[in-house]
file structure.txt (compact mmCIF, C-alpha atoms)
# COMPACT_ATOMS: atom_id res chain seq x y z
CA MET A 6 0.00 0.00 0.00
CA THR A 7 1.37 3.42 -0.94
CA GLU A 8 0.13 6.96 -0.47
CA THR A 9 -2.00 8.30 -3.29
CA ALA A 10 -4.24 11.25 -3.97
CA SER A 11 -6.44 9.97 -1.14
CA THR A 12 -3.68 10.56 1.40
CA PRO A 13 -5.14 12.21 4.52
CA ARG A 14 -4.75 15.97 4.80
CA ILE A 15 -1.56 17.00 6.60
CA ASP A 16 -1.93 19.55 9.42
CA PRO A 17 1.32 21.58 9.48
CA ALA A 18 0.96 22.44 13.18
CA GLU A 19 0.44 18.78 14.08
CA SER A 20 3.40 17.82 11.86
CA ARG A 21 5.70 20.15 13.76
CA LYS A 22 4.42 18.94 17.13
CA VAL A 23 4.95 15.31 16.20
CA ALA A 24 8.43 16.00 14.82
CA PHE A 25 9.42 17.88 17.98
CA ALA A 26 8.11 15.10 20.21
CA ALA A 27 10.01 12.55 18.11
CA PHE A 28 13.16 14.64 18.43
CA VAL A 29 12.94 15.07 22.21
CA GLY A 30 11.98 11.47 22.88
CA THR A 31 14.73 10.15 20.62
CA ALA A 32 17.29 12.50 22.21
CA LEU A 33 16.48 11.17 25.67
CA GLU A 34 16.48 7.60 24.41
CA TRP A 35 19.89 8.00 22.78
CA TYR A 36 21.16 9.74 25.91
CA ASP A 37 20.31 6.60 27.87
CA TYR A 38 21.84 4.33 25.25
CA PHE A 39 25.02 6.33 24.64
CA LEU A 40 25.79 6.54 28.35
CA TYR A 41 26.70 2.87 28.25
CA GLY A 42 29.18 3.37 25.42
CA THR A 43 30.92 6.22 27.20
CA ALA A 44 31.03 4.30 30.49
CA ALA A 45 32.36 1.22 28.70
CA SER A 46 35.25 3.34 27.43
CA ILE A 47 36.36 4.81 30.75
CA VAL A 48 34.90 3.01 33.76
CA PHE A 49 33.16 -0.35 33.18
CA ASP A 50 36.40 -2.10 32.26
CA ARG A 51 37.83 -1.29 35.70
CA LEU A 52 34.73 -1.70 37.88
CA TYR A 53 32.82 -4.56 36.24
CA PHE A 54 35.30 -6.46 34.06
CA ALA A 55 38.46 -6.10 36.14
CA THR A 56 41.36 -8.34 35.05
CA GLU A 57 45.15 -8.14 35.33
CA ASP A 58 45.38 -7.24 31.63
CA PRO A 59 43.80 -3.81 30.87
CA ALA A 60 43.46 -4.66 27.16
CA VAL A 61 41.40 -7.77 27.98
CA ALA A 62 39.23 -5.75 30.37
CA THR A 63 38.60 -3.19 27.62
CA LEU A 64 37.65 -5.95 25.18
CA ALA A 65 35.24 -7.40 27.76
CA ALA A 66 33.62 -4.00 28.33
CA PHE A 67 33.21 -3.47 24.58
CA ALA A 68 31.80 -6.99 24.26
CA SER A 69 29.08 -6.12 26.78
CA PHE A 70 28.50 -2.92 24.79
CA ALA A 71 28.06 -5.01 21.64
CA VAL A 72 25.57 -7.38 23.31
CA GLY A 73 23.03 -4.57 23.36
CA PHE A 74 23.19 -4.49 19.58
CA LEU A 75 22.46 -8.22 19.40
CA ALA A 76 19.15 -7.49 21.10
CA ARG A 77 18.22 -4.60 18.81
CA PRO A 78 16.90 -6.77 15.93
CA LEU A 79 14.69 -8.59 18.43
CA GLY A 80 13.29 -5.24 19.57
CA ALA A 81 12.85 -4.22 15.93
CA VAL A 82 10.83 -7.35 15.14
CA VAL A 83 8.68 -7.14 18.29
CA PHE A 84 7.95 -3.42 18.18
CA GLY A 85 7.82 -3.37 14.39
CA HIS A 86 5.06 -5.99 14.59
CA LEU A 87 3.21 -4.02 17.24
CA GLY A 88 3.77 -0.70 15.46
CA ASP A 89 2.32 -2.04 12.20
CA ARG A 90 -0.55 -3.73 14.05
CA ILE A 91 -1.62 -1.52 16.99
CA GLY A 92 -0.01 1.82 16.14
CA ARG A 93 3.21 3.79 16.17
CA ARG A 94 2.38 6.06 19.12
CA ARG A 95 1.66 3.28 21.64
CA CYS A 96 4.93 1.54 20.91
CA LEU A 97 6.95 4.71 21.40
CA LEU A 98 5.48 5.17 24.88
CA ILE A 99 6.58 1.65 25.79
CA THR A 100 10.11 1.92 24.37
CA VAL A 101 11.03 5.19 26.07
CA THR A 102 9.73 3.93 29.42
CA LEU A 103 11.67 0.67 29.18
CA ILE A 104 15.04 2.15 28.32
CA SER A 105 14.80 4.93 30.92
CA VAL A 106 14.01 2.53 33.75
CA VAL A 107 16.80 0.16 32.69
CA THR A 108 19.33 3.00 32.47
CA GLY A 109 18.44 4.20 35.94
CA LEU A 110 18.91 0.66 37.28
CA ILE A 111 22.44 0.54 35.83
CA GLY A 112 23.23 3.57 37.97
CA LEU A 113 22.16 1.57 41.05
CA LEU A 114 24.04 -1.64 40.18
CA PRO A 115 26.82 -2.74 42.61
CA ASP A 116 30.26 -3.34 41.07
CA PHE A 117 32.47 -6.45 40.89
CA VAL A 118 34.08 -5.85 44.27
CA ALA A 119 30.66 -5.73 45.94
CA ILE A 120 28.86 -8.71 44.36
CA GLY A 121 31.46 -10.52 42.26
CA LEU A 122 30.54 -12.23 39.01
CA ALA A 123 26.89 -11.19 39.36
CA ALA A 124 27.93 -7.59 38.59
CA PRO A 125 29.02 -8.07 34.94
CA LEU A 126 26.19 -10.56 34.35
CA LEU A 127 23.51 -8.15 35.59
CA LEU A 128 25.12 -5.26 33.73
CA THR A 129 25.05 -7.26 30.51
CA ALA A 130 21.40 -8.27 31.09
CA LEU A 131 20.41 -4.63 31.53
CA ARG A 132 22.31 -3.78 28.34
CA VAL A 133 20.23 -6.40 26.51
CA LEU A 134 17.02 -4.71 27.68
CA GLN A 135 18.40 -1.37 26.50
CA GLY A 136 18.98 -2.91 23.09
CA ILE A 137 15.44 -4.28 22.86
CA ALA A 138 13.98 -0.86 23.67
CA VAL A 139 16.19 1.01 21.19
CA GLY A 140 15.36 -1.62 18.56
CA GLY A 141 11.81 -0.34 18.50
CA GLU A 142 12.41 3.34 19.25
CA TRP A 143 14.13 4.93 16.29
CA GLY A 144 12.09 3.18 13.60
CA GLY A 145 8.86 4.25 15.26
CA ALA A 146 9.97 7.85 15.76
CA VAL A 147 11.07 8.21 12.14
CA THR A 148 7.94 6.49 10.81
CA LEU A 149 5.63 8.72 12.85
CA ALA A 150 7.50 11.88 11.81
CA VAL A 151 7.51 10.93 8.11
CA GLU A 152 3.85 9.95 8.05
CA HIS A 153 2.82 13.27 9.63
CA ALA A 154 5.05 15.34 7.31
CA PRO A 155 4.10 17.09 4.05
CA PRO A 156 5.40 14.84 1.22
CA GLU A 157 7.71 17.54 -0.16
CA GLN A 158 9.32 18.10 3.26
CA ARG A 159 9.85 14.55 4.46
CA GLY A 160 13.62 14.85 4.36
CA ARG A 161 13.76 17.71 6.85
CA PHE A 162 11.07 16.22 9.12
CA ALA A 163 12.78 12.81 9.11
CA ALA A 164 16.07 14.53 10.03
CA LEU A 165 14.63 15.84 13.30
CA PRO A 166 14.70 12.45 15.08
CA GLN A 167 18.29 12.16 13.80
CA ILE A 168 19.19 15.32 15.70
CA GLY A 169 18.30 13.34 18.80
CA SER A 170 21.60 11.48 18.31
CA PRO A 171 23.98 14.45 18.75
CA ILE A 172 21.78 15.88 21.49
CA GLY A 173 21.95 12.49 23.23
CA THR A 174 25.72 12.59 22.76
CA LEU A 175 25.92 16.10 24.18
CA LEU A 176 23.88 15.10 27.21
CA SER A 177 25.71 11.83 27.85
CA SER A 178 29.25 13.05 27.12
CA GLY A 179 28.48 16.33 28.88
CA GLY A 180 27.30 14.47 31.95
CA PHE A 181 30.44 12.35 32.02
CA TYR A 182 32.60 15.37 31.27
CA LEU A 183 31.32 17.05 34.44
CA VAL A 184 31.63 14.03 36.72
CA ALA A 185 35.07 13.22 35.25
CA MET A 186 36.31 16.38 36.98
CA LEU A 187 35.82 14.65 40.31
CA PRO A 188 38.79 12.98 42.01
CA ASP A 189 39.33 9.48 40.65
CA GLU A 190 38.19 7.84 43.88
CA SER A 191 34.91 9.79 43.95
CA PHE A 192 34.33 9.21 40.23
CA ASP A 193 34.76 5.45 40.58
CA SER A 194 32.66 5.11 43.73
CA TRP A 195 29.62 7.26 42.88
CA GLY A 196 30.31 10.01 40.33
CA TRP A 197 29.85 7.90 37.20
CA ARG A 198 26.42 6.79 38.45
CA LEU A 199 24.87 10.27 38.39
CA PRO A 200 24.32 10.50 34.59
CA PHE A 201 22.57 7.10 34.67
CA LEU A 202 20.31 8.07 37.57
CA ALA A 203 19.24 11.20 35.67
CA ALA A 204 17.27 8.88 33.36
CA PHE A 205 14.48 8.66 35.93
CA PRO A 206 13.41 12.34 35.92
CA LEU A 207 14.05 12.67 32.17
CA LEU A 208 11.52 9.90 31.57
CA GLY A 209 8.76 12.23 32.79
CA VAL A 210 9.65 14.78 30.10
CA ALA A 211 9.54 12.19 27.32
CA LEU A 212 6.20 10.72 28.42
CA TYR A 213 4.60 14.16 28.70
CA LEU A 214 5.53 15.07 25.12
CA ARG A 215 4.69 11.73 23.55
CA ARG A 216 1.26 11.49 25.15
CA ARG A 217 0.32 14.79 23.48
CA VAL A 218 0.81 13.64 19.87
CA GLY A 219 -1.72 11.84 17.72
CA GLU A 220 -1.43 8.60 15.80
CA SER A 221 -0.20 8.58 12.21
CA PRO A 222 -3.03 9.53 9.81
CA LEU A 223 -1.69 7.00 7.28
CA PHE A 224 -1.84 4.25 9.91
CA GLU A 225 -5.40 5.22 10.82
CA ARG A 226 -6.39 5.09 7.15
CA MET A 227 -4.73 1.69 6.87
CA LEU A 228 -6.84 0.46 9.80
CA ALA A 229 -10.00 1.77 8.15
CA GLU A 230 -9.13 -0.09 4.94
CA HIS A 231 -8.23 -3.32 6.84
CA ASP A 232 -4.84 -3.43 5.13
CA ARG A 233 -2.68 -4.60 8.04
CA ALA A 234 -0.19 -7.42 7.53
CA SER A 235 -0.90 -10.40 9.79
CA VAL A 236 2.83 -10.98 10.48
CA PRO A 237 4.71 -7.91 9.19
CA ALA A 238 8.23 -9.31 9.62
CA LEU A 239 7.47 -12.44 7.60
CA GLU A 240 5.84 -10.47 4.80
CA LEU A 241 8.76 -8.02 4.86
CA PHE A 242 11.39 -10.74 4.34
CA ARG A 243 9.23 -12.47 1.73
CA THR A 244 8.43 -9.42 -0.42
CA ALA A 245 10.99 -6.71 0.42
CA TRP A 246 14.21 -8.45 1.44
CA ARG A 247 16.22 -6.53 -1.18
CA GLN A 248 15.07 -3.24 0.33
CA VAL A 249 16.09 -4.52 3.77
CA LEU A 250 19.62 -5.25 2.54
CA ILE A 251 19.85 -1.84 0.89
CA GLY A 252 18.66 -0.19 4.10
CA ILE A 253 21.27 -2.04 6.17
CA ALA A 254 24.07 -0.92 3.85
CA ALA A 255 22.88 2.68 3.66
CA SER A 256 22.70 2.96 7.46
CA LEU A 257 26.08 1.41 8.24
CA ILE A 258 28.46 4.39 8.35
CA GLY A 259 26.01 6.57 10.27
CA ILE A 260 25.82 4.00 13.08
CA GLY A 261 29.03 1.96 12.93
CA GLY A 262 31.23 4.87 11.96
CA PHE A 263 29.78 6.94 14.75
CA TYR A 264 30.65 4.34 17.38
CA LEU A 265 34.11 4.00 15.90
CA LEU A 266 34.74 7.75 16.22
CA THR A 267 33.20 8.05 19.70
CA THR A 268 33.27 4.89 21.82
CA PHE A 269 36.45 3.46 20.27
CA VAL A 270 38.31 6.74 19.78
CA ILE A 271 37.66 7.80 23.39
CA SER A 272 39.21 4.53 24.56
CA TYR A 273 42.05 4.75 22.02
CA GLY A 274 42.91 8.33 22.88
CA ALA A 275 42.75 7.90 26.65
CA GLY A 276 44.40 4.46 26.62
CA GLN A 277 46.97 3.98 23.86
CA LEU A 278 47.74 7.68 23.30
CA GLU A 279 47.49 8.60 27.00
CA LEU A 280 45.47 11.73 26.26
CA PRO A 281 43.26 13.23 29.00
CA LYS A 282 39.74 11.76 29.23
CA SER A 283 38.41 15.31 29.36
CA LEU A 284 39.99 16.06 25.96
CA MET A 285 38.44 13.03 24.30
CA LEU A 286 35.02 13.68 25.81
CA GLY A 287 35.31 17.37 24.94
CA ALA A 288 36.08 16.49 21.31
CA THR A 289 32.87 14.45 21.06
CA LEU A 290 30.91 17.33 22.60
CA ILE A 291 32.20 19.81 20.02
CA ALA A 292 31.59 17.32 17.20
CA ALA A 293 28.03 16.71 18.41
CA ALA A 294 27.28 20.43 18.57
CA VAL A 295 28.42 20.91 14.96
CA GLN A 296 26.55 17.74 13.98
CA VAL A 297 23.20 19.37 14.74
CA VAL A 298 23.79 21.87 11.92
CA THR A 299 25.02 19.12 9.57
CA LEU A 300 21.89 17.04 10.14
CA ILE A 301 19.57 19.96 9.45
CA PHE A 302 21.51 20.73 6.27
CA GLY A 303 21.46 17.06 5.22
CA GLY A 304 17.69 16.82 5.68
CA ARG A 305 17.15 19.79 3.39
CA LEU A 306 19.49 18.28 0.80
CA ALA A 307 17.35 15.12 0.85
CA ASP A 308 14.25 17.13 -0.12
CA ARG A 309 16.13 18.77 -2.97
CA TYR A 310 18.24 15.94 -4.43
CA SER A 311 16.76 12.68 -2.98
CA PRO A 312 17.93 10.75 0.08
CA GLY A 313 19.76 8.14 -2.01
CA ARG A 314 22.00 10.66 -3.74
CA VAL A 315 22.85 12.45 -0.50
CA CYS A 316 23.66 9.11 1.15
CA LEU A 317 26.01 8.27 -1.74
CA TRP A 318 27.79 11.63 -1.50
CA GLY A 319 28.13 11.35 2.27
CA GLY A 320 29.55 7.84 2.04
CA VAL A 321 32.19 8.90 -0.47
CA LEU A 322 33.15 11.93 1.63
CA SER A 323 33.45 9.78 4.77
CA ALA A 324 35.73 7.37 2.91
CA ALA A 325 37.95 10.26 1.77
CA VAL A 326 38.61 11.48 5.34
CA ALA A 327 39.04 8.06 7.02
CA PHE A 328 42.85 8.02 7.08
CA PRO A 329 43.37 11.78 7.63
CA VAL A 330 41.15 11.62 10.73
CA PHE A 331 43.37 9.03 12.43
CA TRP A 332 46.57 10.73 11.26
CA MET A 333 45.45 13.88 13.08
CA ILE A 334 44.46 11.98 16.23
CA ASP A 335 47.84 10.26 16.33
CA THR A 336 49.64 13.62 16.54
CA ARG A 337 48.33 13.95 20.13
CA ASN A 338 47.90 17.65 19.41
CA PRO A 339 44.70 18.69 21.28
CA ALA A 340 43.50 21.03 18.53
CA LEU A 341 44.06 18.45 15.79
CA VAL A 342 42.36 15.75 17.86
CA ILE A 343 39.26 17.94 18.21
CA ILE A 344 39.31 18.82 14.49
CA ALA A 345 39.70 15.15 13.53
CA VAL A 346 36.79 13.91 15.63
CA THR A 347 34.58 16.80 14.50
CA LEU A 348 35.46 16.30 10.83
CA GLY A 349 34.94 12.55 10.89
CA ILE A 350 31.63 12.61 12.75
CA ASN A 351 30.19 15.37 10.59
CA CYS A 352 31.13 13.68 7.31
CA LEU A 353 29.35 10.49 8.31
CA SER A 354 26.43 12.59 9.57
CA ILE A 355 25.49 13.47 5.99
CA PRO A 356 24.27 9.95 5.12
CA TYR A 357 22.93 9.60 8.68
CA ALA A 358 20.81 12.74 8.20
CA VAL A 359 18.90 11.18 5.31
CA SER A 360 18.66 7.58 6.56
CA GLY A 361 15.20 8.14 8.05
CA SER A 362 13.61 9.42 4.84
CA LEU A 363 15.63 6.92 2.78
CA LEU A 364 14.42 3.91 4.76
CA ALA A 365 10.83 5.13 4.99
CA GLY A 366 10.78 5.49 1.21
CA LEU A 367 11.85 1.88 0.70
CA PHE A 368 8.77 0.33 2.35
CA PRO A 369 4.96 0.57 1.98
CA VAL A 370 2.85 1.89 4.86
CA HIS A 371 1.65 -1.49 6.14
CA LEU A 372 5.27 -2.71 6.50
CA ARG A 373 6.99 0.61 7.16
CA TYR A 374 7.57 0.46 10.93
CA SER A 375 8.93 -3.09 10.60
CA GLY A 376 11.00 -2.27 7.52
CA VAL A 377 12.60 0.85 8.95
CA ALA A 378 13.22 -0.72 12.37
CA ILE A 379 14.59 -4.04 11.09
CA SER A 380 16.87 -2.45 8.47
CA SER A 381 18.36 0.10 10.84
CA ASN A 382 18.76 -2.35 13.70
CA PHE A 383 20.42 -5.08 11.67
CA SER A 384 22.83 -2.35 10.65
CA GLY A 385 23.07 -1.50 14.35
CA LEU A 386 23.76 -5.16 15.13
CA ILE A 387 26.81 -5.05 12.88
CA SER A 388 27.79 -1.63 14.18
CA GLY A 389 27.71 -2.70 17.80
CA PHE A 390 30.76 -4.85 17.18
CA VAL A 391 32.71 -2.05 15.50
CA PRO A 392 34.50 -0.85 18.70
CA LEU A 393 35.34 -4.47 19.54
CA ILE A 394 36.60 -5.16 16.00
CA ALA A 395 38.57 -1.91 16.00
CA SER A 396 40.21 -2.83 19.33
CA ALA A 397 41.12 -6.28 18.01
CA LEU A 398 42.54 -4.79 14.80
CA LEU A 399 44.57 -2.32 16.81
CA ILE A 400 46.10 -5.13 18.88
CA ALA A 401 46.78 -7.22 15.75
CA SER A 402 48.52 -4.29 14.03
CA ASP A 403 50.81 -3.51 17.00
CA GLU A 404 48.64 -0.51 17.97
CA ARG A 405 48.93 1.19 14.58
CA SER A 406 45.85 3.17 13.69
CA TRP A 407 45.94 2.43 9.95
CA SER A 408 43.93 -0.71 10.70
CA THR A 409 41.06 1.20 12.30
CA ALA A 410 41.17 3.85 9.56
CA ALA A 411 40.79 1.05 7.01
CA LEU A 412 37.74 -0.21 8.92
CA LEU A 413 36.16 3.26 8.73
CA LEU A 414 36.92 3.36 4.99
CA VAL A 415 35.17 0.03 4.39
CA LEU A 416 32.07 1.09 6.33
CA ALA A 417 31.88 4.31 4.32
CA LEU A 418 32.13 2.57 0.94
CA ILE A 419 29.38 0.09 1.89
CA THR A 420 27.09 3.00 2.75
CA ALA A 421 27.92 4.77 -0.52
CA ALA A 422 26.86 1.62 -2.39
CA GLY A 423 23.67 1.45 -0.33
CA GLY A 424 22.84 5.05 -1.20
CA LEU A 425 23.35 4.38 -4.90
CA LEU A 426 21.06 1.33 -4.81
CA ALA A 427 18.46 3.15 -2.73
CA HIS A 428 18.32 5.99 -5.27
CA ARG A 429 17.59 3.43 -8.00
CA THR A 430 15.11 1.47 -5.90
CA THR A 431 13.05 4.13 -4.11
CA HIS A 432 9.91 5.29 -5.85
CA PRO A 433 8.39 8.61 -4.72
CA ALA A 434 5.14 8.05 -2.84
call {"tool": "encode", "arguments": {"input": "structure.txt", "output": "structure tokens"}}
result
Amino acid sequence: MTETASTPRIDPAESRKVAFAAFVGTALEWYDYFLYGTAASIVFDRLYFATEDPAVATLAAFASFAVGFLARPLGAVVFGHLGDRIGRRRCLLITVTLISVVTGLIGLLPDFVAIGLAAPLLLTALRVLQGIAVGGEWGGAVTLAVEHAPPEQRGRFAALPQIGSPIGTLLSSGGFYLVAMLPDESFDSWGWRLPFLAAFPLLGVALYLRRRVGESPLFERMLAEHDRASVPALELFRTAWRQVLIGIAASLIGIGGFYLLTTFVISYGAGQLELPKSLMLGATLIAAAVQVVTLIFGGRLADRYSPGRVCLWGGVLSAAVAFPVFWMIDTRNPALVIIAVTLGINCLSIPYAVSGSLLAGLFPVHLRYSGVAISSNFSGLISGFVPLIASALLIASDERSWSTAALLLVLALITAAGGLLAHRTTHPA
């Protein structure tokens, strides 16, 4: 089923309200999710995965980080099914509640010294629940924003939930930046917990905004026409598996590349290069602030040139800067480190800006929530292992960064190919 001349009338005021609610809810959800990645880089290895070999502890912490991505496809299937059957809005209320409660519980979890092996096991279990919630969140937020948007402005409306990513980064890295100023003993004992505990009051903000928005008019029309798929995931893989593969490829640099240049680079800079944690966190803060502008610009480009073309251009640009980014980081010069992280993140933000409108355009309404969620989260599943793979490559190459730069290059070229295929596959609704 596709939109036609009978598409319900779009209310511009309602479109803006829905897009803003999607942005705020997604920002808080990514804040919760990104906290884990930052903590895995600088604290979880010592407090929950303590071993005599720091490199092994880091690998263990990144492995627990990656486990959350294993759960994301499960969340995509479950909430995609519900979103295509009972509605987008209801699912988004569930996902934001689940991840906020889980994040707050991480802030209350005793460490390895206190409860032994139960500590990393419980931490990993909570990370799995985070992954399930995020698996249903982004796809629903993008779908709701796109289906409320005027057809000629879908690119810019779909980019608003994407802005939730840098805002989530600003909030999570900013929170850790502040508590990292504490003495090491205070930071390890209670300081790192404060950003996680903040998830509880932030949940109230997200629920207030999301309860005020209406259901997608396209979904309501689909209900009236009795056009729901009985098992959306099965129909998706039977009739639109090529679009799923294209969506996975097109999303890869925006997710995997981002974790490479944040989670991994924070660990690499603070560990191998012995740079201050505050410098590495500060670099991600500056990059995230600039990223907001890049995402807005990318969304407008999607409306003018098509999401597929913009994704292709962004993938090629990200590939071109892969090696220069790591060359600059390796200088240990603070200014060059900040420039490198900012440059790399903002190049890969161009294809990330258009991924929402690109994925939504690949799937019909009755499979859209499932299609968007499953495509992006299978890409996320691969991306979750990027910091772990990068760490392993660094060890195998005697701590030479060319190996991780090559990984970034490969991710970028895959996304460029996905953008090219999406441009040829997507048909305007």
call {"tool": "residues_near_point", "arguments": {"input": "structure.txt", "point": "(18.6, 3.8, 23.1)", "cutoff": "7 Å", "atoms": "all atoms listed in the file", "output": "PyMOL selection string"}}
result
chain A and resi 34-35+37-38+104+135-136+138-139
call {"tool": "write_last_selection", "arguments": {"input": "structure.txt", "atoms": "C-alpha atoms", "output": "mmCIF file, in the coordinates of the input"}}
result
data_model
loop_
_atom_site.group_PDB
_atom_site.id
_atom_site.type_symbol
_atom_site.label_atom_id
_atom_site.label_comp_id
_atom_site.auth_asym_id
_atom_site.auth_seq_id
_atom_site.Cartn_x
_atom_site.Cartn_y
_atom_site.Cartn_z
ATOM 1 C CA GLU A 34 16.480 7.600 24.410
ATOM 2 C CA TRP A 35 19.890 8.000 22.780
ATOM 3 C CA ASP A 37 20.310 6.600 27.870
ATOM 4 C CA TYR A 38 21.840 4.330 25.250
ATOM 5 C CA ILE A 104 15.040 2.150 28.320
ATOM 6 C CA GLN A 135 18.400 -1.370 26.500
ATOM 7 C CA GLY A 136 18.980 -2.910 23.090
ATOM 8 C CA ALA A 138 13.980 -0.860 23.670
ATOM 9 C CA VAL A 139 16.190 1.010 21.190
#
call {"tool": "closest_residue", "arguments": {"input": "structure.txt", "among": "A:Leu367, A:Ile47, A:Gly109, A:Ala324", "to": "Leu207 (chain A)", "atoms": "all atoms listed in the file"}}
result
A:Gly109
call {"tool": "residues_around", "arguments": {"input": "structure.txt", "residues": "region 160-165 of chain A", "least_positions_apart": "3", "cutoff": "7 Å", "atoms": "all atoms listed in the file", "output": "number ranges by chain"}}
result
A: 24, 28, 147, 150-151, 154, 168, 300-301, 304-305, 307-308, 358-359, 361-362
call {"tool": "write_last_selection", "arguments": {"input": "structure.txt", "atoms": "C-alpha atoms", "output": "PDB file, in the coordinates of the input"}}
result
ATOM      1  CA  ALA A  24       8.430  16.000  14.820  1.00  0.00           C
ATOM      2  CA  PHE A  28      13.160  14.640  18.430  1.00  0.00           C
ATOM      3  CA  VAL A 147      11.070   8.210  12.140  1.00  0.00           C
ATOM      4  CA  ALA A 150       7.500  11.880  11.810  1.00  0.00           C
ATOM      5  CA  VAL A 151       7.510  10.930   8.110  1.00  0.00           C
ATOM      6  CA  ALA A 154       5.050  15.340   7.310  1.00  0.00           C
ATOM      7  CA  ILE A 168      19.190  15.320  15.700  1.00  0.00           C
ATOM      8  CA  LEU A 300      21.890  17.040  10.140  1.00  0.00           C
ATOM      9  CA  ILE A 301      19.570  19.960   9.450  1.00  0.00           C
ATOM     10  CA  GLY A 304      17.690  16.820   5.680  1.00  0.00           C
ATOM     11  CA  ARG A 305      17.150  19.790   3.390  1.00  0.00           C
ATOM     12  CA  ALA A 307      17.350  15.120   0.850  1.00  0.00           C
ATOM     13  CA  ASP A 308      14.250  17.130  -0.120  1.00  0.00           C
ATOM     14  CA  ALA A 358      20.810  12.740   8.200  1.00  0.00           C
ATOM     15  CA  VAL A 359      18.900  11.180   5.310  1.00  0.00           C
ATOM     16  CA  GLY A 361      15.200   8.140   8.050  1.00  0.00           C
ATOM     17  CA  SER A 362      13.610   9.420   4.840  1.00  0.00           C
TER      18      SER A 362
END
call {"tool": "closest_residue", "arguments": {"input": "structure.txt", "among": "A:Val106, A:Ala71, A:Leu223, A:Ile99", "to": "Arg373 (chain A)", "atoms": "all atoms listed in the file"}}
result
A:Leu223
call {"tool": "closest_residue", "arguments": {"input": "structure.txt", "among": "A:Met333, A:Leu399, A:Val210, A:Ile379", "to": "Gly140 (chain A)", "atoms": "all atoms listed in the file"}}
result
A:Ile379
